[in-house]
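Asks: Before anything else, here's the structure in question.
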Amino acid sequence: MTNPDLHLERRGDHDEIAVIRLSRPVKRNALNDALILALRDLFENLPTGEGGVRAAVIAGEGEHFCAGLDLSELKERDAGEGLHHSRMWHAALERVQYGPVPVIAALHGAVVGGGLELASACHIRVADDTTFYALPEGSRGIFVGGGGAVRIPRLIGAARMTDMMLTGRVYNAADGEKAGFAQYLVPQGTAFDKALELAARVAQNAPLTNYALIHALPRIAEQPADQGFLTEAMMAAIAQSAPEAKARVRAFLDGKAAKVKKA
Ligand code: 1HE
């Protein structure tokens with residue numbers, strides 16, 4: 001489903017990076033139903049494989065990353081419709097989290113409500129210092145419905161999320177990074193460039209390693225330890241059996257691959 005509020009562009013030396021932009025700045029990139037469905041379709045249809053996309057960046061146009069659910073659509077829904085609406089968000093953000101490639105969110109301005117739920121479904125978050133995080137659902141008499149109850153506590157802990165929703169607490173960029181929302185904090189206006197730089201780096205990894213990181217790691221984290229160890233071993237065996245892994249290890253042993261450098 002194409003949507004004028006969602007733009008896809010290919011970047012990188014081999015067009016290997018998908019840049020996805022929420023492009024509804026007059027409404028602060030609020031996510032209406034059409035936009036959330038378009039996001040789902042876009043991730044479902046990203047071209048992968050030879051010459052395809054190997055990493056993605058998602059960003060918002062205008063002053064803010066995303067103002068969350070389009071509240072003008074929060075009309076008279078009965079319980080069943082509300083359930084299906086939330087499940088629609090789940091399906092869309094599952095495609096982001098468990099799609100074909102790692103997704104890096106470039107954050108600035110408001111990352112609130114469903115916007116924070118979207119950011120939480122990404123694999124790396126880069127925030128510039130204008131970023132702020134909030135869950136206004138608490139004060140609007142509603143609840144998170146886009147997977148935030150599952151994903152946000154995994155980033156910042158249930159206690160912080162509870163506080164945000166009970167008290168309306170807003171985290172600024174620096175405190176948000178310390179709390180665990182973002183992995184990178186960068187100066188104003190540079191989140192997109194940093195995200196693109198990281199995506200280019202991520203795109204160079206062996207696809208099976210990236211697959212293991214986005215599909216196996218979060219599942220392993222949910223498993224009891226003995227099952228997690230087994231899943232890890234199976235994923236490790238599959239990844240290392242790929243010709244690309246063998247070639248990369250051989251290149252290192254032959255002195256042809258980069259060493260790890262001190263940070
Ligand atoms: C919107 C929305 C929206 C802005 N739905 N229209 N999210 C919220 O509760 C956040 C609500 N938004 C805000 O608090 C602020 O708009 C912002 C802090 C994000 C940005 O402030 P600002 O001063 O830059 O913009 P603005 O003047 O408030 O908004 C510009 C326009 O966007 C304005 O419309 P206009 O016709 O008067 O110009 C706003 O009404 C509109 N707008 N945000 C609809 N969210 C799966 S469940 C998820 C549940 C949730 O996400 S609930 C949290 C919703």
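So you can find residues: chains in the structure tokens are A, B, ... in the order shown, residues in each start at 1, and ligands are numbered from 1 in order.
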Write out as a Markdown table a residue-level contact list of chain A versus ligand 1 with cut-off 6 Å: for each qualifying residue the closest pair of atoms and the distance in Å to one decimal, counting only C-alpha atoms and all ligand atoms, rows sorted by chain and residue number upward.
Replies:
| residue | atom | partner | partner_atom_place_in_ligand_line | distance |
| --- | --- | --- | --- | --- |
| A:Val26 | CA | ligand 1 | 31 (C) | 5.6 |
| A:Lys27 | CA | ligand 1 | 32 (O) | 3.4 |
| A:Arg28 | CA | ligand 1 | 4 (C) | 5.2 |
| A:Ala30 | CA | ligand 1 | 45 (N) | 4.9 |
| A:Ala67 | CA | ligand 1 | 19 (C) | 4.2 |
| A:Gly68 | CA | ligand 1 | 51 (O) | 3.7 |
| A:Leu69 | CA | ligand 1 | 51 (O) | 3.7 |
| A:Asp70 | CA | ligand 1 | 5 (N) | 3.4 |
| A:Leu71 | CA | ligand 1 | 5 (N) | 3.8 |
| A:Ser72 | CA | ligand 1 | 44 (C) | 5.1 |
| A:Ser86 | CA | ligand 1 | 46 (C) | 5.7 |
| A:Trp89 | CA | ligand 1 | 46 (C) | 5.9 |
| A:Ala110 | CA | ligand 1 | 19 (C) | 5.3 |
| A:Gly113 | CA | ligand 1 | 51 (O) | 3.6 |
| A:Gly114 | CA | ligand 1 | 51 (O) | 3.6 |
| A:Pro136 | CA | ligand 1 | 9 (O) | 5.0 |
| A:Glu137 | CA | ligand 1 | 52 (S) | 4.5 |
| A:Val144 | CA | ligand 1 | 47 (S) | 4.8 |
| A:Gly145 | CA | ligand 1 | 47 (S) | 3.9 |
| A:Gly146 | CA | ligand 1 | 46 (C) | 3.9 |
Asks: What parts of range 19-55 of chain A does DSSP call strand (DSSP E or B)? I'd like the answer as a PyMOL selection string.
Replies: chain A and resi 19-22+31+55
Asks: Just the selected residues (all heavy atoms), exported as a PDB file, in the first residue's frame, please.
Replies:
ATOM      1  N   VAL A  19      16.122   4.028   3.251  1.00  0.00           N
ATOM      2  CA  VAL A  19      15.822   5.155   4.136  1.00  0.00           C
ATOM      3  C   VAL A  19      14.319   5.368   4.096  1.00  0.00           C
ATOM      4  O   VAL A  19      13.744   5.610   3.022  1.00  0.00           O
ATOM      5  CB  VAL A  19      16.579   6.424   3.686  1.00  0.00           C
ATOM      6  CG1 VAL A  19      16.076   7.639   4.448  1.00  0.00           C
ATOM      7  CG2 VAL A  19      18.077   6.243   3.906  1.00  0.00           C
ATOM      8  N   ILE A  20      13.721   5.241   5.252  1.00  0.00           N
ATOM      9  CA  ILE A  20      12.261   5.338   5.344  1.00  0.00           C
ATOM     10  C   ILE A  20      11.929   6.587   6.142  1.00  0.00           C
ATOM     11  O   ILE A  20      12.459   6.782   7.242  1.00  0.00           O
ATOM     12  CB  ILE A  20      11.707   4.071   6.039  1.00  0.00           C
ATOM     13  CG1 ILE A  20      12.033   2.852   5.172  1.00  0.00           C
ATOM     14  CG2 ILE A  20      10.212   4.191   6.309  1.00  0.00           C
ATOM     15  CD1 ILE A  20      12.234   1.596   5.951  1.00  0.00           C
ATOM     16  N   ARG A  21      11.107   7.439   5.575  1.00  0.00           N
ATOM     17  CA  ARG A  21      10.770   8.692   6.264  1.00  0.00           C
ATOM     18  C   ARG A  21       9.281   8.809   6.509  1.00  0.00           C
ATOM     19  O   ARG A  21       8.479   8.659   5.572  1.00  0.00           O
ATOM     20  CB  ARG A  21      11.180   9.891   5.418  1.00  0.00           C
ATOM     21  CG  ARG A  21      12.657  10.130   5.374  1.00  0.00           C
ATOM     22  CD  ARG A  21      12.917  11.344   4.477  1.00  0.00           C
ATOM     23  NE  ARG A  21      14.296  11.391   4.079  1.00  0.00           N
ATOM     24  CZ  ARG A  21      15.270  11.896   4.816  1.00  0.00           C
ATOM     25  NH1 ARG A  21      14.998  12.417   5.996  1.00  0.00           N
ATOM     26  NH2 ARG A  21      16.515  11.888   4.398  1.00  0.00           N
ATOM     27  N   LEU A  22       8.951   9.101   7.767  1.00  0.00           N
ATOM     28  CA  LEU A  22       7.583   9.502   8.074  1.00  0.00           C
ATOM     29  C   LEU A  22       7.481  10.941   7.583  1.00  0.00           C
ATOM     30  O   LEU A  22       8.262  11.800   8.009  1.00  0.00           O
ATOM     31  CB  LEU A  22       7.330   9.445   9.581  1.00  0.00           C
ATOM     32  CG  LEU A  22       7.619   8.097  10.261  1.00  0.00           C
ATOM     33  CD1 LEU A  22       7.443   8.228  11.779  1.00  0.00           C
ATOM     34  CD2 LEU A  22       6.714   7.011   9.706  1.00  0.00           C
ATOM     35  N   LEU A  31       0.678   8.870  13.525  1.00  0.00           N
ATOM     36  CA  LEU A  31       0.458   7.646  12.733  1.00  0.00           C
ATOM     37  C   LEU A  31      -1.031   7.323  12.670  1.00  0.00           C
ATOM     38  O   LEU A  31      -1.626   6.866  13.654  1.00  0.00           O
ATOM     39  CB  LEU A  31       1.226   6.489  13.371  1.00  0.00           C
ATOM     40  CG  LEU A  31       2.758   6.677  13.425  1.00  0.00           C
ATOM     41  CD1 LEU A  31       3.398   5.698  14.407  1.00  0.00           C
ATOM     42  CD2 LEU A  31       3.362   6.513  12.035  1.00  0.00           C
ATOM     43  N   ALA A  55      20.189  -2.985   5.257  1.00  0.00           N
ATOM     44  CA  ALA A  55      19.944  -2.267   6.523  1.00  0.00           C
ATOM     45  C   ALA A  55      18.953  -1.154   6.213  1.00  0.00           C
ATOM     46  O   ALA A  55      18.808  -0.755   5.054  1.00  0.00           O
ATOM     47  CB  ALA A  55      21.242  -1.685   7.082  1.00  0.00           C
TER      48      ALA A  55
END
Asks: Determine the nearest neighbour of Met164 in chain A from the options A:Lys246, A:Pro47, A:Gln204, A:Ala179, counting only C-alpha atoms.
Replies: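 So, comparing all the options, the nearest one is A:Ala179.
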Asks: What does the distance between CA of Phe132 in chain A and CA of Pro218 in chain A come to in Å, to one decimal place?
Replies: 25.6 Å
Asks: Excluding Arg219 in chain A and residues on its chain fewer than 2 positions from it, collect all residues at most 12 Å away from it, counting only C-alpha atoms, and give them as a list in words.
Replies: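 Non-adjacent residues within range: Gln97, Tyr98, Ala212, Leu213, Ile214, His215, Ala216, Leu217, Ala221, Glu222, Gln223, Pro224, Ala225, Gln227, Gly228, Phe229, Leu230, Thr231, Glu232 and Met235 of chain A.
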Asks: Using all heavy atoms, can you export the residues from the last selection as a compact mmCIF listing (two decimals), in the first residue's frame?
Replies:
# COMPACT_ATOMS: atom_id res chain seq x y z
N GLN A 97 10.46 -5.03 13.65
CA GLN A 97 11.42 -5.73 14.53
C GLN A 97 11.91 -7.04 13.92
O GLN A 97 13.09 -7.37 14.02
CB GLN A 97 10.79 -6.02 15.90
CG GLN A 97 11.79 -6.71 16.84
CD GLN A 97 11.26 -6.98 18.23
OE1 GLN A 97 10.08 -6.73 18.52
NE2 GLN A 97 12.11 -7.48 19.10
N TYR A 98 10.99 -7.79 13.36
CA TYR A 98 11.36 -9.11 12.82
C TYR A 98 11.27 -9.13 11.29
O TYR A 98 10.84 -10.11 10.70
CB TYR A 98 10.47 -10.20 13.43
CG TYR A 98 10.69 -10.38 14.92
CD1 TYR A 98 9.65 -10.18 15.83
CD2 TYR A 98 11.93 -10.74 15.41
CE1 TYR A 98 9.86 -10.34 17.20
CE2 TYR A 98 12.15 -10.90 16.77
CZ TYR A 98 11.11 -10.70 17.66
OH TYR A 98 11.32 -10.86 19.00
N ALA A 212 20.69 -13.45 12.66
CA ALA A 212 20.77 -14.02 14.02
C ALA A 212 20.52 -12.94 15.06
O ALA A 212 19.81 -13.16 16.06
CB ALA A 212 22.15 -14.66 14.23
N LEU A 213 21.08 -11.75 14.81
CA LEU A 213 20.94 -10.69 15.81
C LEU A 213 19.52 -10.18 15.93
O LEU A 213 19.05 -9.90 17.03
CB LEU A 213 21.91 -9.55 15.48
CG LEU A 213 23.34 -9.92 15.86
CD1 LEU A 213 24.35 -8.99 15.22
CD2 LEU A 213 23.50 -9.92 17.37
N ILE A 214 18.83 -10.07 14.79
CA ILE A 214 17.47 -9.50 14.91
C ILE A 214 16.40 -10.57 15.16
O ILE A 214 15.39 -10.26 15.78
CB ILE A 214 17.11 -8.58 13.73
CG1 ILE A 214 16.99 -9.31 12.41
CG2 ILE A 214 18.10 -7.44 13.61
CD1 ILE A 214 16.55 -8.39 11.25
N HIS A 215 16.63 -11.80 14.73
CA HIS A 215 15.61 -12.83 14.93
C HIS A 215 15.90 -13.77 16.09
O HIS A 215 14.99 -14.16 16.82
CB HIS A 215 15.42 -13.65 13.65
CG HIS A 215 14.71 -12.87 12.59
ND1 HIS A 215 13.34 -12.91 12.42
CD2 HIS A 215 15.17 -11.98 11.68
CE1 HIS A 215 13.00 -12.09 11.43
NE2 HIS A 215 14.09 -11.52 10.97
N ALA A 216 17.16 -14.15 16.27
CA ALA A 216 17.44 -15.13 17.32
C ALA A 216 17.69 -14.47 18.67
O ALA A 216 17.15 -14.92 19.69
CB ALA A 216 18.65 -16.00 16.92
N LEU A 217 18.48 -13.41 18.68
CA LEU A 217 18.86 -12.84 19.99
C LEU A 217 17.67 -12.45 20.87
O LEU A 217 17.62 -12.85 22.04
CB LEU A 217 19.82 -11.66 19.78
CG LEU A 217 20.42 -11.06 21.05
CD1 LEU A 217 21.22 -12.08 21.85
CD2 LEU A 217 21.30 -9.86 20.71
N ALA A 221 16.75 -14.25 24.43
CA ALA A 221 16.61 -13.48 25.68
C ALA A 221 15.32 -13.83 26.42
O ALA A 221 15.22 -13.66 27.63
CB ALA A 221 16.66 -11.99 25.37
N GLU A 222 14.32 -14.32 25.68
CA GLU A 222 13.05 -14.70 26.29
C GLU A 222 13.04 -16.14 26.77
O GLU A 222 12.11 -16.56 27.47
CB GLU A 222 11.90 -14.58 25.27
CG GLU A 222 11.67 -13.20 24.72
CD GLU A 222 11.38 -12.24 25.83
OE1 GLU A 222 10.55 -12.56 26.68
OE2 GLU A 222 12.01 -11.17 25.85
N GLN A 223 14.02 -16.92 26.37
CA GLN A 223 13.97 -18.35 26.68
C GLN A 223 14.61 -18.64 28.03
O GLN A 223 15.53 -17.93 28.45
CB GLN A 223 14.72 -19.14 25.59
CG GLN A 223 14.00 -19.17 24.26
CD GLN A 223 14.75 -19.92 23.18
OE1 GLN A 223 15.97 -19.96 23.17
NE2 GLN A 223 14.02 -20.53 22.26
N PRO A 224 14.18 -19.73 28.68
CA PRO A 224 14.93 -20.19 29.84
C PRO A 224 16.37 -20.49 29.40
O PRO A 224 16.60 -20.84 28.22
CB PRO A 224 14.23 -21.49 30.24
CG PRO A 224 12.91 -21.45 29.56
CD PRO A 224 13.06 -20.60 28.34
N ALA A 225 17.33 -20.36 30.30
CA ALA A 225 18.74 -20.44 29.92
C ALA A 225 19.08 -21.72 29.15
O ALA A 225 19.78 -21.66 28.13
CB ALA A 225 19.62 -20.32 31.15
N GLN A 227 17.29 -23.57 27.21
CA GLN A 227 16.80 -23.49 25.83
C GLN A 227 17.57 -22.44 25.04
O GLN A 227 17.88 -22.60 23.87
CB GLN A 227 15.31 -23.17 25.81
CG GLN A 227 14.47 -24.31 26.36
CD GLN A 227 13.00 -23.93 26.46
OE1 GLN A 227 12.51 -23.06 25.76
NE2 GLN A 227 12.29 -24.60 27.35
N GLY A 228 17.90 -21.35 25.74
CA GLY A 228 18.65 -20.28 25.09
C GLY A 228 20.01 -20.76 24.62
O GLY A 228 20.45 -20.43 23.52
N PHE A 229 20.66 -21.55 25.44
CA PHE A 229 21.98 -22.06 25.04
C PHE A 229 21.87 -22.93 23.79
O PHE A 229 22.69 -22.86 22.88
CB PHE A 229 22.62 -22.88 26.17
CG PHE A 229 23.03 -22.03 27.36
CD1 PHE A 229 22.75 -22.45 28.65
CD2 PHE A 229 23.70 -20.82 27.18
CE1 PHE A 229 23.12 -21.69 29.75
CE2 PHE A 229 24.08 -20.05 28.27
CZ PHE A 229 23.79 -20.48 29.56
N LEU A 230 20.81 -23.72 23.75
CA LEU A 230 20.65 -24.60 22.58
C LEU A 230 20.35 -23.76 21.32
O LEU A 230 20.93 -23.99 20.26
CB LEU A 230 19.53 -25.62 22.82
CG LEU A 230 19.34 -26.61 21.67
CD1 LEU A 230 20.58 -27.48 21.47
CD2 LEU A 230 18.13 -27.51 21.92
N THR A 231 19.45 -22.79 21.45
CA THR A 231 19.14 -21.93 20.29
C THR A 231 20.40 -21.22 19.83
O THR A 231 20.66 -21.11 18.63
CB THR A 231 18.06 -20.89 20.66
OG1 THR A 231 16.98 -21.56 21.30
CG2 THR A 231 17.55 -20.16 19.42
N GLU A 232 21.17 -20.74 20.80
CA GLU A 232 22.41 -20.05 20.44
C GLU A 232 23.34 -20.98 19.66
O GLU A 232 23.91 -20.60 18.63
CB GLU A 232 23.12 -19.56 21.71
CG GLU A 232 24.44 -18.88 21.42
CD GLU A 232 25.26 -18.64 22.69
OE1 GLU A 232 25.89 -19.59 23.19
OE2 GLU A 232 25.27 -17.51 23.17
N MET A 235 22.06 -21.50 16.16
CA MET A 235 22.25 -20.30 15.32
C MET A 235 23.73 -20.12 14.98
O MET A 235 24.08 -19.78 13.85
CB MET A 235 21.71 -19.08 16.09
CG MET A 235 21.50 -17.85 15.24
SD MET A 235 20.24 -18.00 13.96
CE MET A 235 21.24 -17.87 12.48
Asks: Would you work out the distance separating CA of Phe192 in chain A from CA of Met165 in chain A, expressed in Å to one decimal?
Replies: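 Separation of CA of Phe192 in chain A and CA of Met165 in chain A: 28.3 Å.
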Asks: For Ala127 in chain A, list every protein, DNA or RNA residue within 7 Å, evaluated using only C-alpha atoms, and leave out those in the same chain fewer than 4 positions away; present the list as an MDAnalysis selection string.
Replies: chainID A and resid 106:108 131 173 182 184:186 191
